[in-house]
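Structure file structure36.pdb; described as PDB, C-alpha atoms.
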```
ATOM      1  CA  MET B   1      35.656 187.721 -41.481
ATOM      2  CA  THR B   2      37.142 184.263 -41.038
ATOM      3  CA  ASP B   3      35.320 182.153 -38.471
ATOM      4  CA  ILE B   4      38.008 180.567 -36.296
ATOM      5  CA  LYS B   5      37.103 177.292 -34.569
ATOM      6  CA  PHE B   6      39.156 177.867 -31.445
ATOM      7  CA  GLU B   7      38.757 175.497 -28.488
ATOM      8  CA  HIS B   8      38.766 177.344 -25.165
ATOM      9  CA  LYS B   9      40.095 175.391 -22.185
ATOM     10  CA  GLN B  10      40.330 176.769 -18.680
ATOM     11  CA  SER B  11      43.710 176.367 -16.998
ATOM     12  CA  ALA B  12      45.451 177.008 -13.703
ATOM     13  CA  HIS B  13      47.960 179.509 -15.098
ATOM     14  CA  CYS B  14      47.577 181.969 -17.972
ATOM     15  CA  GLU B  15      50.858 181.489 -19.857
ATOM     16  CA  ASN B  16      50.714 177.681 -19.749
ATOM     17  CA  GLY B  17      47.046 177.714 -20.732
ATOM     18  CA  VAL B  18      47.478 180.083 -23.671
ATOM     19  CA  THR B  19      50.460 178.084 -24.941
ATOM     20  CA  ALA B  20      48.596 174.756 -24.684
ATOM     21  CA  ASN B  21      45.500 176.202 -26.387
ATOM     22  CA  LEU B  22      47.504 177.761 -29.252
ATOM     23  CA  PHE B  23      49.538 174.597 -29.838
ATOM     24  CA  THR B  24      46.370 172.479 -29.772
ATOM     25  CA  PHE B  25      44.720 174.748 -32.352
ATOM     26  CA  HIS B  26      47.688 174.141 -34.650
ATOM     27  CA  GLY B  27      47.374 170.374 -34.365
ATOM     28  CA  LEU B  28      49.682 169.576 -31.450
ATOM     29  CA  LYS B  29      47.320 168.469 -28.707
ATOM     30  CA  ILE B  30      49.162 169.074 -25.477
ATOM     31  CA  SER B  31      48.108 169.546 -21.860
ATOM     32  CA  GLU B  32      48.876 172.459 -19.569
ATOM     33  CA  PRO B  33      51.119 170.334 -17.273
ATOM     34  CA  LEU B  34      53.153 169.154 -20.285
ATOM     35  CA  VAL B  35      53.666 172.743 -21.459
ATOM     36  CA  PHE B  36      54.702 173.685 -17.926
ATOM     37  CA  GLY B  37      57.178 170.802 -17.599
ATOM     38  CA  ILE B  38      58.674 171.065 -21.091
ATOM     39  CA  GLY B  39      58.907 174.837 -20.651
ATOM     40  CA  SER B  40      60.707 174.385 -17.303
ATOM     41  CA  GLY B  41      58.223 176.618 -15.519
ATOM     42  CA  LEU B  42      59.061 175.603 -11.958
ATOM     43  CA  PHE B  43      61.699 177.785 -10.323
ATOM     44  CA  PHE B  44      62.539 179.651  -7.120
ATOM     45  CA  ALA B  45      64.358 182.915  -6.502
ATOM     46  CA  HIS B  46      64.688 185.272  -3.547
ATOM     47  CA  MET B  47      66.485 188.436  -4.649
ATOM     48  CA  PRO B  48      67.213 191.065  -1.974
ATOM     49  CA  PHE B  49      68.882 193.222  -4.648
ATOM     50  CA  MET B  50      65.575 193.546  -6.540
ATOM     51  CA  LYS B  51      62.644 195.307  -4.851
ATOM     52  CA  LEU B  52      58.898 195.401  -5.465
ATOM     53  CA  THR B  53      57.145 198.151  -3.479
ATOM     54  CA  GLY B  54      60.321 198.363  -1.411
ATOM     55  CA  ILE B  55      60.328 194.666  -0.495
ATOM     56  CA  PRO B  56      62.774 192.023  -1.841
ATOM     57  CA  VAL B  57      61.347 190.005  -4.735
ATOM     58  CA  THR B  58      60.510 186.348  -4.211
ATOM     59  CA  GLY B  59      59.724 184.476  -7.424
ATOM     60  CA  PHE B  60      58.338 181.011  -8.061
ATOM     61  CA  ARG B  61      58.682 180.956 -11.845
ATOM     62  CA  PRO B  62      60.998 182.257 -14.582
ATOM     63  CA  MET B  63      60.328 185.646 -16.189
ATOM     64  CA  PRO B  64      56.964 186.002 -18.009
ATOM     65  CA  GLY B  65      57.135 184.718 -21.577
ATOM     66  CA  ILE B  66      59.957 182.260 -20.888
ATOM     67  CA  ILE B  67      57.735 179.170 -20.452
ATOM     68  CA  PHE B  68      56.104 179.437 -23.880
ATOM     69  CA  GLN B  69      59.465 180.298 -25.513
ATOM     70  CA  ARG B  70      61.151 177.250 -23.992
ATOM     71  CA  ALA B  71      58.251 174.914 -24.758
ATOM     72  CA  ALA B  72      58.068 176.096 -28.381
ATOM     73  CA  LYS B  73      61.816 175.710 -28.899
ATOM     74  CA  LYS B  74      61.977 172.218 -27.419
ATOM     75  CA  LEU B  75      58.995 171.089 -29.527
ATOM     76  CA  GLY B  76      60.386 172.612 -32.728
ATOM     77  CA  ILE B  77      57.621 175.224 -33.016
ATOM     78  CA  LYS B  78      58.511 178.555 -34.585
ATOM     79  CA  MET B  79      56.786 181.568 -33.031
ATOM     80  CA  LYS B  80      56.256 185.119 -34.223
ATOM     81  CA  VAL B  81      56.527 187.707 -31.434
ATOM     82  CA  LYS B  82      55.868 191.427 -31.892
ATOM     83  CA  THR B  83      55.821 194.475 -29.618
ATOM     84  CA  TYR B  84      54.772 198.006 -30.514
ATOM     85  CA  LYS B  85      55.123 201.679 -29.785
ATOM     86  CA  ASN B  86      51.981 202.619 -31.707
ATOM     87  CA  PRO B  87      48.695 201.263 -30.220
ATOM     88  CA  LYS B  88      46.752 201.766 -33.481
ATOM     89  CA  GLN B  89      49.313 199.743 -35.419
ATOM     90  CA  ALA B  90      49.206 196.990 -32.779
ATOM     91  CA  MET B  91      45.412 196.756 -33.056
ATOM     92  CA  ALA B  92      45.552 196.848 -36.876
ATOM     93  CA  ASP B  93      48.064 193.981 -36.958
ATOM     94  CA  LEU B  94      45.919 191.963 -34.556
ATOM     95  CA  ASP B  95      42.867 192.585 -36.752
ATOM     96  CA  ALA B  96      44.851 191.408 -39.781
ATOM     97  CA  ASN B  97      45.762 188.181 -37.988
ATOM     98  CA  LEU B  98      42.164 187.515 -37.005
ATOM     99  CA  ALA B  99      40.986 188.207 -40.564
ATOM    100  CA  LYS B 100      43.402 185.471 -41.696
ATOM    101  CA  GLY B 101      42.063 183.032 -39.099
ATOM    102  CA  ILE B 102      45.099 183.209 -36.806
ATOM    103  CA  PRO B 103      44.326 183.038 -33.053
ATOM    104  CA  THR B 104      46.829 185.346 -31.398
ATOM    105  CA  GLY B 105      48.298 185.364 -27.906
ATOM    106  CA  CYS B 106      48.377 188.796 -26.273
ATOM    107  CA  VAL B 107      50.038 190.120 -23.120
ATOM    108  CA  VAL B 108      47.867 192.573 -21.169
ATOM    109  CA  GLY B 109      47.511 194.396 -17.886
ATOM    110  CA  VAL B 110      44.993 192.939 -15.446
ATOM    111  CA  PHE B 111      43.820 196.110 -13.685
ATOM    112  CA  HIS B 112      41.503 197.315 -16.469
ATOM    113  CA  LEU B 113      40.268 193.915 -17.712
ATOM    114  CA  THR B 114      36.528 194.576 -17.729
ATOM    115  CA  TYR B 115      35.488 190.917 -17.458
ATOM    116  CA  PHE B 116      37.616 190.341 -14.329
ATOM    117  CA  PRO B 117      35.713 190.676 -11.030
ATOM    118  CA  GLU B 118      36.944 193.831  -9.284
ATOM    119  CA  PRO B 119      38.573 192.013  -6.303
ATOM    120  CA  TYR B 120      40.860 190.203  -8.787
ATOM    121  CA  ARG B 121      42.055 193.327 -10.607
ATOM    122  CA  PHE B 122      45.525 194.471  -9.607
ATOM    123  CA  HIS B 123      48.509 196.111 -11.298
ATOM    124  CA  PHE B 124      50.034 193.108 -13.083
ATOM    125  CA  ASN B 125      51.117 193.651 -16.680
ATOM    126  CA  ALA B 126      52.080 190.122 -17.747
ATOM    127  CA  HIS B 127      48.717 188.399 -18.106
ATOM    128  CA  ASN B 128      48.244 186.196 -21.193
ATOM    129  CA  LEU B 129      45.112 185.592 -23.254
ATOM    130  CA  VAL B 130      44.123 184.651 -26.816
ATOM    131  CA  ALA B 131      42.111 186.834 -29.185
ATOM    132  CA  PHE B 132      40.538 184.578 -31.811
ATOM    133  CA  LYS B 133      37.656 186.477 -33.413
ATOM    134  CA  LYS B 134      36.406 190.015 -34.064
ATOM    135  CA  GLU B 135      32.879 191.151 -34.858
ATOM    136  CA  ASN B 136      32.461 194.882 -35.435
ATOM    137  CA  ASP B 137      33.916 196.525 -32.291
ATOM    138  CA  LEU B 138      34.002 193.330 -30.211
ATOM    139  CA  TYR B 139      36.906 190.906 -29.708
ATOM    140  CA  TYR B 140      36.262 187.334 -28.587
ATOM    141  CA  ILE B 141      38.761 186.368 -25.929
ATOM    142  CA  SER B 142      39.927 182.987 -24.659
ATOM    143  CA  ASP B 143      41.360 183.875 -21.247
ATOM    144  CA  PRO B 144      42.479 180.557 -19.753
ATOM    145  CA  VAL B 145      41.768 181.614 -16.165
ATOM    146  CA  MET B 146      38.103 182.213 -17.069
ATOM    147  CA  GLU B 147      35.570 179.376 -17.324
ATOM    148  CA  ASN B 148      34.000 180.629 -20.561
ATOM    149  CA  ILE B 149      34.786 182.762 -23.609
ATOM    150  CA  THR B 150      34.755 186.488 -22.803
ATOM    151  CA  THR B 151      34.766 189.695 -24.876
ATOM    152  CA  LEU B 152      36.494 193.082 -24.955
ATOM    153  CA  THR B 153      35.657 196.209 -26.902
ATOM    154  CA  TYR B 154      38.294 197.772 -29.155
ATOM    155  CA  LYS B 155      38.834 200.597 -26.669
ATOM    156  CA  ASP B 156      39.158 198.291 -23.636
ATOM    157  CA  PHE B 157      41.438 195.851 -25.460
ATOM    158  CA  GLU B 158      43.753 198.620 -26.632
ATOM    159  CA  ARG B 159      43.887 199.974 -23.077
ATOM    160  CA  VAL B 160      44.966 196.672 -21.472
ATOM    161  CA  ARG B 161      47.459 195.902 -24.267
ATOM    162  CA  PHE B 162      49.135 199.227 -23.503
ATOM    163  CA  ALA B 163      48.721 199.234 -19.727
ATOM    164  CA  LYS B 164      51.009 201.613 -17.858
ATOM    165  CA  GLY B 165      53.315 200.836 -14.935
ATOM    166  CA  THR B 166      55.939 198.176 -14.234
ATOM    167  CA  ALA B 167      56.810 195.894 -17.176
ATOM    168  CA  GLU B 168      54.444 197.537 -19.668
ATOM    169  CA  PRO B 169      53.208 194.939 -22.215
ATOM    170  CA  LYS B 170      53.709 197.302 -25.193
ATOM    171  CA  GLY B 171      51.030 195.568 -27.218
ATOM    172  CA  LYS B 172      52.967 192.302 -27.242
ATOM    173  CA  MET B 173      51.371 189.554 -29.303
ATOM    174  CA  TYR B 174      52.575 186.147 -30.446
ATOM    175  CA  TRP B 175      51.458 183.148 -32.463
ATOM    176  CA  PRO B 176      52.900 179.938 -33.985
ATOM    177  CA  ILE B 177      53.990 180.255 -37.617
ATOM    178  CA  SER B 178      55.346 176.710 -38.041
ATOM    179  CA  VAL B 179      54.326 173.571 -36.139
ATOM    180  CA  PRO B 180      55.946 170.251 -37.118
ATOM    181  CA  LYS B 181      53.614 167.379 -37.998
ATOM    182  CA  GLU B 182      55.566 165.120 -35.654
ATOM    183  CA  VAL B 183      57.432 166.074 -32.485
ATOM    184  CA  ASN B 184      59.818 164.089 -30.328
ATOM    185  CA  LEU B 185      57.741 164.495 -27.161
ATOM    186  CA  LYS B 186      59.954 162.298 -24.987
ATOM    187  CA  LYS B 187      63.090 164.218 -25.937
ATOM    188  CA  ALA B 188      61.369 167.545 -25.252
ATOM    189  CA  ILE B 189      60.158 166.304 -21.857
ATOM    190  CA  ILE B 190      63.607 165.123 -20.791
ATOM    191  CA  LYS B 191      65.207 168.416 -21.865
ATOM    192  CA  GLY B 192      62.597 170.292 -19.847
ATOM    193  CA  ILE B 193      63.190 168.160 -16.763
ATOM    194  CA  ARG B 194      66.962 168.567 -16.997
ATOM    195  CA  LYS B 195      66.652 172.350 -17.173
ATOM    196  CA  THR B 196      64.349 172.466 -14.132
ATOM    197  CA  CYS B 197      66.574 170.144 -12.111
ATOM    198  CA  TYR B 198      69.680 172.178 -12.961
ATOM    199  CA  ASP B 199      67.959 175.423 -11.974
ATOM    200  CA  MET B 200      66.740 173.977  -8.691
ATOM    201  CA  THR B 201      69.980 172.276  -7.618
ATOM    202  CA  GLU B 202      73.065 173.538  -9.456
ATOM    203  CA  ILE B 203      72.935 177.313  -9.988
ATOM    204  CA  PRO B 204      75.953 178.364  -7.878
ATOM    205  CA  LEU B 205      74.473 181.627  -6.569
ATOM    206  CA  PRO B 206      72.686 181.436  -3.185
ATOM    207  CA  PHE B 207      69.515 183.211  -4.357
ATOM    208  CA  PHE B 208      68.120 180.529  -6.671
ATOM    209  CA  GLY B 209      66.647 177.032  -6.500
ATOM    210  CA  ALA B 210      66.746 175.044  -3.275
ATOM    211  CA  LYS B 211      69.682 177.197  -2.107
ATOM    212  CA  GLY B 212      67.448 180.219  -2.514
ATOM    213  CA  ILE B 213      64.766 178.667  -0.286
ATOM    214  CA  HIS B 214      67.377 178.105   2.429
ATOM    215  CA  TYR B 215      68.573 181.681   1.903
ATOM    216  CA  LEU B 216      65.048 183.056   2.340
ATOM    217  CA  ALA B 217      64.569 180.963   5.490
ATOM    218  CA  LYS B 218      67.735 182.500   6.992
ATOM    219  CA  GLN B 219      66.892 186.049   5.907
ATOM    220  CA  MET B 220      63.413 185.715   7.378
ATOM    221  CA  LEU B 221      64.804 185.298  10.903
ATOM    222  CA  LYS B 222      66.722 188.585  10.514
ATOM    223  CA  TRP B 223      63.697 190.684   9.542
ATOM    224  CA  PRO B 224      62.123 191.121  13.000
ATOM    225  CA  LYS B 225      65.565 191.936  14.414
ATOM    226  CA  LYS B 226      66.522 194.463  11.724
ATOM    227  CA  MET B 227      63.227 196.356  11.377
ATOM    228  CA  GLU B 228      60.042 197.136  13.249
ATOM    229  CA  GLU B 229      57.564 194.268  13.515
ATOM    230  CA  ARG B 230      55.006 195.814  11.160
ATOM    231  CA  LYS B 231      57.533 196.068   8.340
ATOM    232  CA  ALA B 232      58.899 192.577   8.993
ATOM    233  CA  LEU B 233      55.364 191.197   8.718
ATOM    234  CA  GLN B 234      54.894 193.123   5.458
ATOM    235  CA  TYR B 235      57.992 191.367   4.111
ATOM    236  CA  LEU B 236      56.575 187.983   5.115
ATOM    237  CA  GLY B 237      53.153 188.827   3.744
ATOM    238  CA  GLN B 238      54.723 189.703   0.388
ATOM    239  CA  VAL B 239      56.341 186.253   0.194
ATOM    240  CA  VAL B 240      52.959 184.603   0.767
ATOM    241  CA  ARG B 241      51.291 186.910  -1.765
ATOM    242  CA  MET B 242      53.900 186.087  -4.416
ATOM    243  CA  GLN B 243      53.401 182.397  -3.644
ATOM    244  CA  GLU B 244      49.625 182.192  -3.543
ATOM    245  CA  GLU B 245      48.178 185.176  -5.411
ATOM    246  CA  ILE B 246      50.543 186.279  -8.189
ATOM    247  CA  GLY B 247      50.086 183.574 -10.803
ATOM    248  CA  THR B 248      49.982 180.054  -9.397
ATOM    249  CA  GLY B 249      53.093 180.325  -7.292
ATOM    250  CA  GLY B 250      54.697 177.898  -4.880
ATOM    251  CA  ALA B 251      52.262 175.188  -3.887
ATOM    252  CA  GLY B 252      50.192 175.435  -7.076
ATOM    253  CA  PHE B 253      53.235 175.085  -9.303
ATOM    254  CA  ARG B 254      54.419 172.057  -7.317
ATOM    255  CA  PHE B 255      51.014 170.431  -7.808
ATOM    256  CA  MET B 256      51.179 171.226 -11.529
ATOM    257  CA  TYR B 257      54.676 169.752 -11.744
ATOM    258  CA  ALA B 258      53.328 166.663  -9.981
ATOM    259  CA  ALA B 259      50.666 166.397 -12.704
ATOM    260  CA  PHE B 260      53.400 166.774 -15.327
ATOM    261  CA  LEU B 261      55.445 163.972 -13.745
ATOM    262  CA  PHE B 262      52.387 161.733 -13.693
ATOM    263  CA  GLU B 263      51.947 162.353 -17.420
ATOM    264  CA  CYS B 264      55.629 161.389 -17.803
ATOM    265  CA  TYR B 265      54.782 158.100 -16.085
ATOM    266  CA  THR B 266      52.037 157.377 -18.644
ATOM    267  CA  ILE B 267      54.240 158.424 -21.594
ATOM    268  CA  PHE B 268      57.463 156.649 -20.536
ATOM    269  CA  GLN B 269      55.798 153.792 -18.622
ATOM    270  CA  ASP B 270      58.405 154.227 -15.893
ATOM    271  CA  GLU B 271      57.076 153.824 -12.342
ATOM    272  CA  ARG B 272      59.787 156.136 -11.000
ATOM    273  CA  PHE B 273      58.043 159.155 -12.543
ATOM    274  CA  LYS B 274      54.899 158.182 -10.668
ATOM    275  CA  GLN B 275      56.861 158.117  -7.401
ATOM    276  CA  PHE B 276      58.339 161.536  -8.127
ATOM    277  CA  SER B 277      54.834 162.819  -8.838
ATOM    278  CA  MET B 278      53.738 161.707  -5.361
ATOM    279  CA  GLU B 279      56.802 163.328  -3.772
ATOM    280  CA  MET B 280      56.118 166.604  -5.560
ATOM    281  CA  THR B 281      52.518 166.575  -4.325
ATOM    282  CA  GLN B 282      53.809 166.185  -0.760
ATOM    283  CA  ILE B 283      56.195 169.113  -1.298
ATOM    284  CA  GLY B 284      53.269 171.169  -2.573
ATOM    285  CA  ASP B 285      51.408 170.339   0.635
ATOM    286  CA  LEU B 286      54.387 171.654   2.634
ATOM    287  CA  TRP B 287      54.367 174.926   0.669
ATOM    288  CA  ARG B 288      50.658 175.273   1.414
ATOM    289  CA  GLU B 289      51.366 174.610   5.107
ATOM    290  CA  PHE B 290      54.055 177.308   5.042
ATOM    291  CA  ALA B 291      51.602 179.795   3.489
ATOM    292  CA  ILE B 292      48.997 179.048   6.154
ATOM    293  CA  GLU B 293      51.432 179.373   9.062
ATOM    294  CA  ALA B 294      53.031 182.522   7.641
ATOM    295  CA  SER B 295      49.588 184.073   7.095
ATOM    296  CA  ARG B 296      48.653 183.333  10.696
ATOM    297  CA  LEU B 297      51.812 185.084  11.829
ATOM    298  CA  VAL B 298      51.090 188.094   9.597
ATOM    299  CA  LYS B 299      47.506 188.344  10.873
ATOM    300  CA  ASN B 300      48.533 187.741  14.484
ATOM    301  CA  ARG B 301      46.403 184.607  14.633
ATOM    302  CA  SER B 302      49.241 182.211  15.353
ATOM    303  CA  ARG B 303      48.620 178.971  17.087
ATOM    304  CA  SER B 304      51.043 177.982  19.808
ATOM    305  CA  GLY B 305      54.462 177.476  18.241
ATOM    306  CA  SER B 306      53.658 179.289  14.992
ATOM    307  CA  ASP B 307      56.338 181.983  15.057
ATOM    308  CA  TRP B 308      59.301 183.200  13.010
ATOM    309  CA  GLU B 309      61.429 180.222  14.051
ATOM    310  CA  SER B 310      58.827 177.620  13.100
ATOM    311  CA  VAL B 311      58.020 179.302   9.770
ATOM    312  CA  SER B 312      61.733 179.465   8.926
ATOM    313  CA  LYS B 313      62.159 175.818   9.886
ATOM    314  CA  LEU B 314      59.303 174.866   7.549
ATOM    315  CA  LEU B 315      61.134 176.547   4.668
ATOM    316  CA  HIS B 316      64.420 174.808   5.471
ATOM    317  CA  ASN B 317      62.555 171.489   5.425
ATOM    318  CA  ILE B 318      61.038 172.304   2.030
ATOM    319  CA  ALA B 319      64.462 173.282   0.675
ATOM    320  CA  ASP B 320      66.021 169.995   1.836
ATOM    321  CA  LYS B 321      63.240 167.961   0.232
ATOM    322  CA  GLU B 322      63.393 169.880  -3.056
ATOM    323  CA  GLN B 323      67.188 169.541  -3.221
ATOM    324  CA  ASP B 324      66.937 165.787  -2.697
ATOM    325  CA  THR B 325      63.982 165.256  -5.049
ATOM    326  CA  PHE B 326      65.404 167.268  -7.937
ATOM    327  CA  GLU B 327      68.868 165.707  -7.581
ATOM    328  CA  ARG B 328      67.356 162.235  -7.947
ATOM    329  CA  LEU B 329      65.010 163.325 -10.737
ATOM    330  CA  TYR B 330      68.047 164.798 -12.534
ATOM    331  CA  LYS B 331      69.712 161.370 -12.487
ATOM    332  CA  LEU B 332      66.582 159.747 -13.922
ATOM    333  CA  ALA B 333      66.370 162.363 -16.694
ATOM    334  CA  LYS B 334      70.027 161.818 -17.606
ATOM    335  CA  GLU B 335      69.418 158.068 -17.699
ATOM    336  CA  TRP B 336      66.510 158.529 -20.121
ATOM    337  CA  ASP B 337      68.516 161.048 -22.178
ATOM    338  CA  LYS B 338      71.028 158.320 -23.019
ATOM    339  CA  LYS B 339      68.236 156.024 -24.223
ATOM    340  CA  LEU B 340      66.561 158.554 -26.520
TER     341      LEU B 340
END
```

Mind turning this structure into structure tokens?
Amino acid sequence: MTDIKFEHKQSAHCENGVTANLFTFHGLKISEPLVFGIGSGLFFAHMPFMKLTGIPVTGFRPMPGIIFQRAAKKLGIKMKVKTYKNPKQAMADLDANLAKGIPTGCVVGVFHLTYFPEPYRFHFNAHNLVAFKKENDLYYISDPVMENITTLTYKDFERVRFAKGTAEPKGKMYWPISVPKEVNLKKAIIKGIRKTCYDMTEIPLPFFGAKGIHYLAKQMLKWPKKMEERKALQYLGQVVRMQEEIGTGGAGFRFMYAAFLFECYTIFQDERFKQFSMEMTQIGDLWREFAIEASRLVKNRSRSGSDWESVSKLLHNIADKEQDTFERLYKLAKEWDKKL
């Protein structure tokens, strides 16, 4: 059995962390914020036409798998991605990779992850981790949300790779097959920024980007008028849950994007990126304030003035600031694009 020297690093978000750890193993040392920024991981969508447990979906990121795909493409990294119908074949192919010394990213369901504390297990089938070694019946796992290396038995690993329910992972696994010796990091960064700025300011539909935040703020005021209070509060609670609990969400992703922009400042030596990093941190603080006020409303612990109107107003304020910030950042990215 090949002994793989895989460096485990804890991260804020599973997909970014797995991508950064895999790229680093293959010689491209890259941070989680850079993966997130190059992969255009920051997004917003409120889609009343798509329901989760009967409640409109609010998303703070693109679809699972998109970040690593975008980051790999922009950096010139070729990836192998496989899904399966047969669990035994999926495990055999993983074993073959590990025998060759290839750390492999896997998509799994969270609910039956044995090393997760029980309060953190829920039905989410798009969690990412890296399997990098097998000894007898035991797989060594680098799960970027965990502080240390963990393990799974063959039976438990097969179970989470073929978890049932919404968006079944179907044994999905992925790994780099070609990593260039040199990458144009600046070009990749600027492409990533341009994609994020376009998504946040120029998608014409009202459900996405800053427009989508305004849309949610307006819809929110209609909920207590259209339905009984308990259901309206469930709708609001779901927004907060999608923001703060499912992945890294609203505020956390803004803080990560701020870290990405600060790395841009050190790479490009352009003070304007540093200013944008500070602005994004302030926007993240506003998202956190929204989550706190909305949670108070849901739990009926509102302070004076914390009601549907004030929570909606907070969102409109966030939308205005994001529209302005990403419009100006778009101009800076286009300016740098001409220089590169």

Residue IDs satisfying the PyMOL selection byres ((chain B and resi 55-67) around 8), as a CSV table (one decimal) with C-alpha atoms, in the coordinates of the input:
```csv
chain,number,residue,atom,x,y,z
B,15,GLU,CA,50.9,181.5,-19.9
B,16,ASN,CA,50.7,177.7,-19.7
B,35,VAL,CA,53.7,172.7,-21.5
B,36,PHE,CA,54.7,173.7,-17.9
B,39,GLY,CA,58.9,174.8,-20.7
B,40,SER,CA,60.7,174.4,-17.3
B,41,GLY,CA,58.2,176.6,-15.5
B,42,LEU,CA,59.1,175.6,-12.0
B,43,PHE,CA,61.7,177.8,-10.3
B,44,PHE,CA,62.5,179.7,-7.1
B,45,ALA,CA,64.4,182.9,-6.5
B,46,HIS,CA,64.7,185.3,-3.5
B,47,MET,CA,66.5,188.4,-4.6
B,48,PRO,CA,67.2,191.1,-2.0
B,49,PHE,CA,68.9,193.2,-4.6
B,50,MET,CA,65.6,193.5,-6.5
B,51,LYS,CA,62.6,195.3,-4.9
B,52,LEU,CA,58.9,195.4,-5.5
B,53,THR,CA,57.1,198.2,-3.5
B,54,GLY,CA,60.3,198.4,-1.4
B,68,PHE,CA,56.1,179.4,-23.9
B,69,GLN,CA,59.5,180.3,-25.5
B,70,ARG,CA,61.2,177.2,-24.0
B,71,ALA,CA,58.3,174.9,-24.8
B,126,ALA,CA,52.1,190.1,-17.7
B,235,TYR,CA,58.0,191.4,4.1
B,238,GLN,CA,54.7,189.7,0.4
B,239,VAL,CA,56.3,186.3,0.2
B,242,MET,CA,53.9,186.1,-4.4
B,243,GLN,CA,53.4,182.4,-3.6
B,249,GLY,CA,53.1,180.3,-7.3
B,250,GLY,CA,54.7,177.9,-4.9
B,253,PHE,CA,53.2,175.1,-9.3
```

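A cut-off of 12 Å from the point (56.0, 200.5, -22.7), with all atoms listed in the file, picks out the residues B:Thr83, B:Tyr84, B:Lys85, B:Asn86, B:Pro87, B:Val107, B:Val108, B:Gly109, B:Asn125, B:Val160, B:Arg161, B:Phe162, B:Ala163, B:Lys164, B:Gly165, B:Thr166, B:Ala167, B:Glu168, B:Pro169, B:Lys170, B:Gly171, B:Lys172.
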
Taking the file above as input, evaluate the PyMOL selection byres ((chain B and resi 181-194) around 7) and report the hits as a PDB file with C-alpha atoms, in the frame of the given file.
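Here's the written file expr.pdb:
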```pdb
ATOM      1  CA  GLY B  37      57.178 170.802 -17.599  1.00  0.00           C
ATOM      2  CA  ILE B  38      58.674 171.065 -21.091  1.00  0.00           C
ATOM      3  CA  GLY B  39      58.907 174.837 -20.651  1.00  0.00           C
ATOM      4  CA  SER B  40      60.707 174.385 -17.303  1.00  0.00           C
ATOM      5  CA  LYS B  74      61.977 172.218 -27.419  1.00  0.00           C
ATOM      6  CA  LEU B  75      58.995 171.089 -29.527  1.00  0.00           C
ATOM      7  CA  VAL B 179      54.326 173.571 -36.139  1.00  0.00           C
ATOM      8  CA  PRO B 180      55.946 170.251 -37.118  1.00  0.00           C
ATOM      9  CA  LYS B 195      66.652 172.350 -17.173  1.00  0.00           C
ATOM     10  CA  THR B 196      64.349 172.466 -14.132  1.00  0.00           C
ATOM     11  CA  CYS B 197      66.574 170.144 -12.111  1.00  0.00           C
ATOM     12  CA  TYR B 198      69.680 172.178 -12.961  1.00  0.00           C
ATOM     13  CA  TYR B 330      68.047 164.798 -12.534  1.00  0.00           C
ATOM     14  CA  ALA B 333      66.370 162.363 -16.694  1.00  0.00           C
ATOM     15  CA  ASP B 337      68.516 161.048 -22.178  1.00  0.00           C
ATOM     16  CA  LEU B 340      66.561 158.554 -26.520  1.00  0.00           C
TER      17      LEU B 340
END
```

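Distance check against Pro176 of chain B using all atoms listed in the file: of B:Ser31, B:Gln269, B:Asn148, B:Asn97, the minimum falls on B:Asn97.
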
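Separating atom CA of Asn317 of chain B from atom CA of Lys225 of chain B is a distance of 22.5 Å.
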
- [ ] Output the residue selection produced by the PyMOL selection byres ((chain B and resi 91-94) around 12) on the file above, formatted as JSON, numbers by chain.
- [x] {"B": [81, 82, 83, 84, 85, 86, 87, 88, 89, 90, 95, 96, 97, 98, 99, 100, 101, 102, 103, 104, 105, 106, 130, 131, 132, 133, 134, 137, 139, 153, 154, 155, 156, 157, 158, 159, 160, 161, 162, 170, 171, 172, 173, 174, 175]}

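Counting from atom CA of Leu314 of chain B, the distance to atom CA of Met278 of chain B is 19.3 Å.
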
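The space separating atom CA of Glu202 of chain B from atom CA of Ile318 of chain B comes to 16.7 Å.
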
Would you mind completing segment 314-321 of chain B so that it carries N, CA and C atoms, and writing it out as a PDB file, keeping the file's coordinate frame?
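out37.pdb, freshly written:
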```pdb
ATOM      1  N   LEU B 314      60.121 175.471   8.609  1.00  0.00           N
ATOM      2  CA  LEU B 314      59.303 174.866   7.549  1.00  0.00           C
ATOM      3  C   LEU B 314      59.967 175.061   6.186  1.00  0.00           C
ATOM      4  N   LEU B 315      60.483 176.262   5.949  1.00  0.00           N
ATOM      5  CA  LEU B 315      61.134 176.547   4.668  1.00  0.00           C
ATOM      6  C   LEU B 315      62.417 175.733   4.496  1.00  0.00           C
ATOM      7  N   HIS B 316      63.201 175.625   5.554  1.00  0.00           N
ATOM      8  CA  HIS B 316      64.420 174.808   5.471  1.00  0.00           C
ATOM      9  C   HIS B 316      64.072 173.362   5.128  1.00  0.00           C
ATOM     10  N   ASN B 317      63.004 172.851   5.704  1.00  0.00           N
ATOM     11  CA  ASN B 317      62.555 171.489   5.425  1.00  0.00           C
ATOM     12  C   ASN B 317      62.158 171.336   3.956  1.00  0.00           C
ATOM     13  N   ILE B 318      61.436 172.324   3.439  1.00  0.00           N
ATOM     14  CA  ILE B 318      61.038 172.304   2.030  1.00  0.00           C
ATOM     15  C   ILE B 318      62.279 172.321   1.136  1.00  0.00           C
ATOM     16  N   ALA B 319      63.237 173.174   1.474  1.00  0.00           N
ATOM     17  CA  ALA B 319      64.462 173.282   0.675  1.00  0.00           C
ATOM     18  C   ALA B 319      65.217 171.955   0.632  1.00  0.00           C
ATOM     19  N   ASP B 320      65.334 171.293   1.782  1.00  0.00           N
ATOM     20  CA  ASP B 320      66.021 169.995   1.836  1.00  0.00           C
ATOM     21  C   ASP B 320      65.320 168.975   0.940  1.00  0.00           C
ATOM     22  N   LYS B 321      64.011 168.942   1.020  1.00  0.00           N
ATOM     23  CA  LYS B 321      63.240 167.961   0.232  1.00  0.00           C
ATOM     24  C   LYS B 321      63.338 168.258  -1.260  1.00  0.00           C
TER      25      LYS B 321
END
```
